[in-house]
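Structure first, commentary second.
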Amino acid sequence: MRYLLFVPLILFAAIAQVAAAPYFPLLGVTANPLLVLLVCWAMVRGPEETMALIPVAGIFKDLITTDPVGVSILAFLPIVPLAAIRERRPTESEFLPTLAVVSAASLSYYLIYMIVLTAVGDGPPWLQSPVRVILPAALFNALITPILYLPVRWATTLAEMARPSMSVPG
Amino acid sequence: MRTLVWLVVVGLLALLGIALSQQGALDPLRNVALTVASPFQRGLRAAASPAADFLDNVAKRQDLEDENRLLRQQIEELTAEIARLKESEFTAADLAALAEVENSRPDDEFLVARVIARDPSNLKERLAIDRGSDDGVAEGMVVMSEGASLVGVVSKALSDFAWVTLITDPNSNINAMMLESRAQGVVSGSLNGGLHMDLIPQDAEVEPGNTVATSGLGGNFPQALLIGQVTSVRGEPQDVFKTAEVEPAASLSRLENVLVLTSFKAARLTSP
């Protein structure tokens with residue numbers, strides 16, 4: 001049932017990334033709301049649910065861009081182990097680890113993405129990319145994290161509150 | 001263990017998908033996805049454009065003032081340039097050559113297309129248009145702005161949509177020339193969305209404000225299509241070539257409609 005809500009949200013985020021995100025560049029790059037949303041979901045709801053969503057998000061995003069279909073799935077894969085590592089090491093704050101995972105996932109996303117693009121003959125300039133694209137994009141993604149983290153956090157809290165609690169008779 | 005299995009299986013499926021899409025086997029699926037997504041994309045673009053304009057104006061007030069000052073200066077310089085041209089600085093031969101270029105393409109046919117999306121990867125400069133192979137669009141066709149300056153080349157044509165690689169794409173290289181000095185070079189894109197013209201002979205006279213257009217060499221672009229204007233020139237006297245930074249004539253980040261030049265057959269389309 002929860003996927004019925006989240007799958008359309010993921011598809012909408014993918015469309016927004018292609019249609020609207022390029023209008024709002026910062027530091028010469030555009031943000032990757034789809035990646036940030038998947039990380040927030042993995043951090044708040046756990047990596048298990050995200051494992052089902054990554055293929056859906058990746059395939060749809062690649063179908064509506066020029067990317068080879070599958071490259072985004074590969075680039076999103078590190079989100080799962082990164083979130084799993086964080087799950088095994090609970091901390092007081094959930095938000096700061098989310099920022100760290102968003103940054104790490106952004107770096108790994110671009111690394112995998114560039115490797116695949118180079119392999120298929122559409123490679124970007126490797127020397128300029130770290131300074132001009134990868135680091136600014138990781139920073140930009142971290143900056144937009146609160147915008148997506150808070151709604152996911154609140155939605156999860158509301159869902160937990162609305163769930164009927166079990167009472168023990170006697 | 002379960003996570004590891006998932007990573008391997010999904011990773012292998014992704015590699016299979018990449019192999020299939022390299023063969024073009026998933027193009028019909030891409031066309032369906034874009035058909036479903038395009039109404040939402042149009043809506044989001046329509047909503048995002050004014051918001052982005054507003055934010056731009058707020059954030060770039062100083063830049064706008066500077067740009068305004070620069071434009072006034074350019075108008076003044078161009079007016080002076082026109083005056084000089086009127087004083088027959090251009091020889092009759094030059095004028096005849098320009099006229100020949102103009103007359104050589106009287107039957108150009110264009111297809112108007114609407115921009116529906118832009119590649120969000122930061123590593124590529126590409127945009128999607130709402131015309132595809134069913135409308136006569138083919139890979140390699142030249143795309144121009146409404147102001148008739150060069151925008152890019154169709155790099156992927158689906159049935160109802162096409163992707164255009166912009167002249168600012170890091171992998172874009174175009175044979176070009178300065179209209180004033182006829183100096184030739186290669187205009188390339190870069191990661192920051194800028195343009196630069198390389199391989200300009202050291203002895204060529206190039207200065208800011210010069211007009212850059214396609215040279216037609218190689219046969220992939222028509223001759224004398226406007227690309228942009230030189231903003232600065234780099235190169236030491238001991239260098240073999242000069243490099244010029246070029247400001248694209250078309251406002252590539254805010255394109256709403258483009259023209260696909262359907263009558264020009266690029267060499268890459270006609271060669272065996």
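Going by the structure tokens order, chains are called A, B, ..., each with residues numbered from 1, while ligands are numbered from 1 in the order shown.
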**Message:** I want to know what sits within 9 Å of segment 36-44 of chain A, based on only C-alpha atoms, with residues of the same chain fewer than 4 positions away left out; could you give that as JSON, numbers by chain?
**Reply:** {"A": [10, 13, 31, 32, 48, 49, 50, 51, 53, 54, 57, 76, 79, 80, 83, 84, 86, 87, 94, 95, 97, 98, 101, 102, 105, 106, 141, 142, 144, 145, 148, 149, 150, 152, 153, 156]}
**Message:** With only C-alpha atoms as the counted atoms, please give the residues lying no more than 6 Å from segment 207-219 of chain B, apart from itself and same-chain residues fewer than 3 positions off, as a list of chain:residue names.
**Reply:**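 Those residues are B:Asn175, B:Ala176, B:Met177, B:Met178, B:Leu179, B:Pro222, B:Gln223, B:Ala224, B:Leu225, B:Leu226, B:Ile227, B:Gly228, B:Gln229, B:Val230, B:Thr231, B:Ser232, B:Ala266, B:Ala267.
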**Residues of chain B within 7 Å of chain A, only C-alpha atoms counted, as a ChimeraX atom specification** = /B:7,11,14-15,17-18,21-22,30,33-34,37,41,44-45,48-49,52,117-120,122-123,170,191-192
Write out the residues from the selection above, keeping C-alpha atoms, as a compact mmCIF listing (two decimals), in the first residue's frame.
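out.txt was written with the following content:
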# COMPACT_ATOMS: atom_id res chain seq x y z
CA LEU B 7 22.85 -5.76 -5.39
CA GLY B 11 23.33 -4.67 -11.01
CA ALA B 14 21.02 -2.77 -15.09
CA LEU B 15 23.97 -3.90 -17.22
CA GLY B 17 19.42 -2.72 -19.77
CA ILE B 18 22.46 -0.67 -20.78
CA SER B 21 19.56 0.47 -24.92
CA GLN B 22 22.90 0.73 -26.74
CA ARG B 30 11.56 5.57 -24.31
CA ALA B 33 7.74 7.06 -21.35
CA LEU B 34 8.25 10.49 -22.92
CA ALA B 37 5.79 12.28 -19.08
CA GLN B 41 7.11 18.10 -18.14
CA LEU B 44 6.44 21.83 -14.69
CA ARG B 45 8.51 23.84 -17.17
CA ALA B 48 9.35 26.71 -13.18
CA SER B 49 10.23 29.28 -15.82
CA ALA B 52 13.39 30.88 -12.05
CA ALA B 117 12.94 18.80 -21.18
CA ARG B 118 16.61 19.19 -20.52
CA ASP B 119 19.16 16.58 -19.55
CA PRO B 120 19.68 16.98 -15.80
CA ASN B 122 25.26 18.19 -15.32
CA LEU B 123 27.68 16.30 -17.55
CA PRO B 170 31.45 18.95 -23.68
CA LEU B 191 31.24 21.48 -18.61
CA ASN B 192 30.25 24.95 -17.44
**Asked** So which residues of segment 26-253 of chain B fall under strand (DSSP E or B) by DSSP, listed as JSON, numbers by chain?
**Response** {"B": [110, 111, 112, 113, 114, 115, 116, 117, 118, 126, 127, 128, 129, 142, 143, 144, 149, 150, 151, 152, 153, 154, 155, 156, 157, 162, 163, 164, 165, 166, 173, 174, 175, 176, 177, 178, 184, 185, 186, 187, 188, 189, 195, 196, 197, 198, 199, 200, 201, 211, 212, 213, 214, 226, 227, 228, 229, 230, 231, 232, 233, 234, 241, 242, 243, 244, 245, 246, 247, 248]}
Convert the current residue selection to file output with C-alpha atoms, as a PDB file, in the first residue's frame.
ATOM      1  CA  PHE B 110      12.354  24.144 -41.093  1.00  0.00           C
ATOM      2  CA  LEU B 111      10.289  22.266 -38.588  1.00  0.00           C
ATOM      3  CA  VAL B 112       9.215  24.108 -35.470  1.00  0.00           C
ATOM      4  CA  ALA B 113       9.610  22.065 -32.284  1.00  0.00           C
ATOM      5  CA  ARG B 114       8.874  22.791 -28.663  1.00  0.00           C
ATOM      6  CA  VAL B 115      11.480  22.114 -25.990  1.00  0.00           C
ATOM      7  CA  ILE B 116      10.008  19.779 -23.380  1.00  0.00           C
ATOM      8  CA  ALA B 117      12.938  18.797 -21.179  1.00  0.00           C
ATOM      9  CA  ARG B 118      16.606  19.193 -20.517  1.00  0.00           C
ATOM     10  CA  ARG B 126      21.070  18.142 -24.211  1.00  0.00           C
ATOM     11  CA  LEU B 127      17.408  18.944 -24.548  1.00  0.00           C
ATOM     12  CA  ALA B 128      14.321  17.064 -25.666  1.00  0.00           C
ATOM     13  CA  ILE B 129      11.974  18.360 -28.355  1.00  0.00           C
ATOM     14  CA  VAL B 142      20.932  20.899 -37.479  1.00  0.00           C
ATOM     15  CA  VAL B 143      18.813  22.728 -34.901  1.00  0.00           C
ATOM     16  CA  MET B 144      18.544  26.507 -34.752  1.00  0.00           C
ATOM     17  CA  SER B 149      21.525  31.027 -34.613  1.00  0.00           C
ATOM     18  CA  LEU B 150      22.950  27.563 -34.100  1.00  0.00           C
ATOM     19  CA  VAL B 151      21.578  25.563 -31.162  1.00  0.00           C
ATOM     20  CA  GLY B 152      22.900  22.054 -31.792  1.00  0.00           C
ATOM     21  CA  VAL B 153      22.397  18.780 -33.576  1.00  0.00           C
ATOM     22  CA  VAL B 154      19.783  16.045 -33.249  1.00  0.00           C
ATOM     23  CA  SER B 155      21.599  13.215 -31.504  1.00  0.00           C
ATOM     24  CA  LYS B 156      18.722  10.798 -30.967  1.00  0.00           C
ATOM     25  CA  ALA B 157      15.445  10.651 -32.874  1.00  0.00           C
ATOM     26  CA  ALA B 162      14.146  13.802 -30.275  1.00  0.00           C
ATOM     27  CA  TRP B 163      17.157  14.704 -28.176  1.00  0.00           C
ATOM     28  CA  VAL B 164      19.325  17.592 -29.304  1.00  0.00           C
ATOM     29  CA  THR B 165      22.988  17.852 -28.308  1.00  0.00           C
ATOM     30  CA  LEU B 166      23.654  21.538 -27.721  1.00  0.00           C
ATOM     31  CA  ASN B 173      33.002  20.266 -31.803  1.00  0.00           C
ATOM     32  CA  ILE B 174      32.071  22.518 -34.717  1.00  0.00           C
ATOM     33  CA  ASN B 175      34.248  23.881 -37.511  1.00  0.00           C
ATOM     34  CA  ALA B 176      33.865  27.637 -37.299  1.00  0.00           C
ATOM     35  CA  MET B 177      35.232  30.928 -38.554  1.00  0.00           C
ATOM     36  CA  MET B 178      35.346  34.572 -37.575  1.00  0.00           C
ATOM     37  CA  GLN B 184      39.083  29.402 -38.864  1.00  0.00           C
ATOM     38  CA  GLY B 185      39.020  27.242 -35.771  1.00  0.00           C
ATOM     39  CA  VAL B 186      36.985  24.701 -33.844  1.00  0.00           C
ATOM     40  CA  VAL B 187      34.235  25.727 -31.431  1.00  0.00           C
ATOM     41  CA  SER B 188      33.858  23.305 -28.520  1.00  0.00           C
ATOM     42  CA  GLY B 189      31.549  23.103 -25.539  1.00  0.00           C
ATOM     43  CA  LEU B 195      31.933  27.845 -25.587  1.00  0.00           C
ATOM     44  CA  HIS B 196      35.496  28.302 -26.685  1.00  0.00           C
ATOM     45  CA  MET B 197      37.070  28.466 -30.106  1.00  0.00           C
ATOM     46  CA  ASP B 198      40.406  26.675 -30.382  1.00  0.00           C
ATOM     47  CA  LEU B 199      42.953  26.176 -33.138  1.00  0.00           C
ATOM     48  CA  ILE B 200      42.804  29.805 -34.292  1.00  0.00           C
ATOM     49  CA  PRO B 201      46.052  30.604 -36.124  1.00  0.00           C
ATOM     50  CA  THR B 211      31.228  37.233 -34.759  1.00  0.00           C
ATOM     51  CA  VAL B 212      31.691  33.457 -34.866  1.00  0.00           C
ATOM     52  CA  ALA B 213      29.790  31.384 -37.426  1.00  0.00           C
ATOM     53  CA  THR B 214      29.985  27.887 -38.871  1.00  0.00           C
ATOM     54  CA  LEU B 226      25.664  32.283 -36.402  1.00  0.00           C
ATOM     55  CA  ILE B 227      27.228  30.694 -33.308  1.00  0.00           C
ATOM     56  CA  GLY B 228      28.057  33.647 -31.072  1.00  0.00           C
ATOM     57  CA  GLN B 229      30.401  36.487 -30.252  1.00  0.00           C
ATOM     58  CA  VAL B 230      33.946  36.498 -28.948  1.00  0.00           C
ATOM     59  CA  THR B 231      34.149  37.745 -25.362  1.00  0.00           C
ATOM     60  CA  SER B 232      37.869  37.309 -24.742  1.00  0.00           C
ATOM     61  CA  VAL B 233      40.984  36.009 -26.463  1.00  0.00           C
ATOM     62  CA  ARG B 234      43.756  33.961 -24.840  1.00  0.00           C
ATOM     63  CA  PHE B 241      47.187  28.755 -31.732  1.00  0.00           C
ATOM     64  CA  LYS B 242      44.930  31.236 -29.984  1.00  0.00           C
ATOM     65  CA  THR B 243      41.816  30.409 -28.008  1.00  0.00           C
ATOM     66  CA  ALA B 244      38.755  32.638 -27.848  1.00  0.00           C
ATOM     67  CA  GLU B 245      35.907  32.459 -25.347  1.00  0.00           C
ATOM     68  CA  VAL B 246      32.598  32.660 -27.196  1.00  0.00           C
ATOM     69  CA  GLU B 247      29.211  33.752 -25.877  1.00  0.00           C
ATOM     70  CA  PRO B 248      26.479  31.746 -27.642  1.00  0.00           C
TER      71      PRO B 248
END
Give me, as an mmCIF file with C-alpha atoms, in the first residue's frame, all polymer residues having an atom no more than 8 Å from Asp108 of chain B, counting only C-alpha atoms and skipping those fewer than 6 positions away in the same chain.
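To be explicit, this is the file written out as result01.cif:
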data_model
loop_
_atom_site.group_PDB
_atom_site.id
_atom_site.type_symbol
_atom_site.label_atom_id
_atom_site.label_comp_id
_atom_site.auth_asym_id
_atom_site.auth_seq_id
_atom_site.Cartn_x
_atom_site.Cartn_y
_atom_site.Cartn_z
ATOM 1 C CA LEU B 261 16.641 22.382 -40.408
ATOM 2 C CA THR B 262 15.165 19.447 -42.323
ATOM 3 C CA SER B 263 16.372 20.394 -45.815
ATOM 4 C CA PHE B 264 20.105 20.370 -45.042
#
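Rounded to one decimal, atom CA of Ala119 of chain A and atom CA of Leu4 of chain B lie 24.4 Å from each other.
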**Prompt:** Hey, which of B:Leu55, B:Leu259, B:Ala47, B:Ile167 ends up closest to Ala148 of chain B? Count only C-alpha atoms.
**Reply:**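 Comparing B:Leu55, B:Leu259, B:Ala47, B:Ile167 against Ala148 of chain B, the winner is B:Leu259.
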**Request:** State, in Å with one decimal place, the distance from atom CA of Asp203 of chain B to atom CA of Ala183 of chain B.
**Result:**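 For atom CA of Asp203 of chain B relative to atom CA of Ala183 of chain B, the distance reads 9.2 Å.
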**Item:** Å distance separating atom CA of Gly46 of chain A from atom CA of Phe140 of chain A, one decimal place
**Value:** 23.5 Å
**Prompt:** If you run DSSP on the backbone, which residues of segment 9-135 of chain A are helix (DSSP H, G or I), as a ChimeraX atom specification?
**Reply:** /A:9-19,21-23,33-45,47-63,71-76,79-88,95-119,129-135
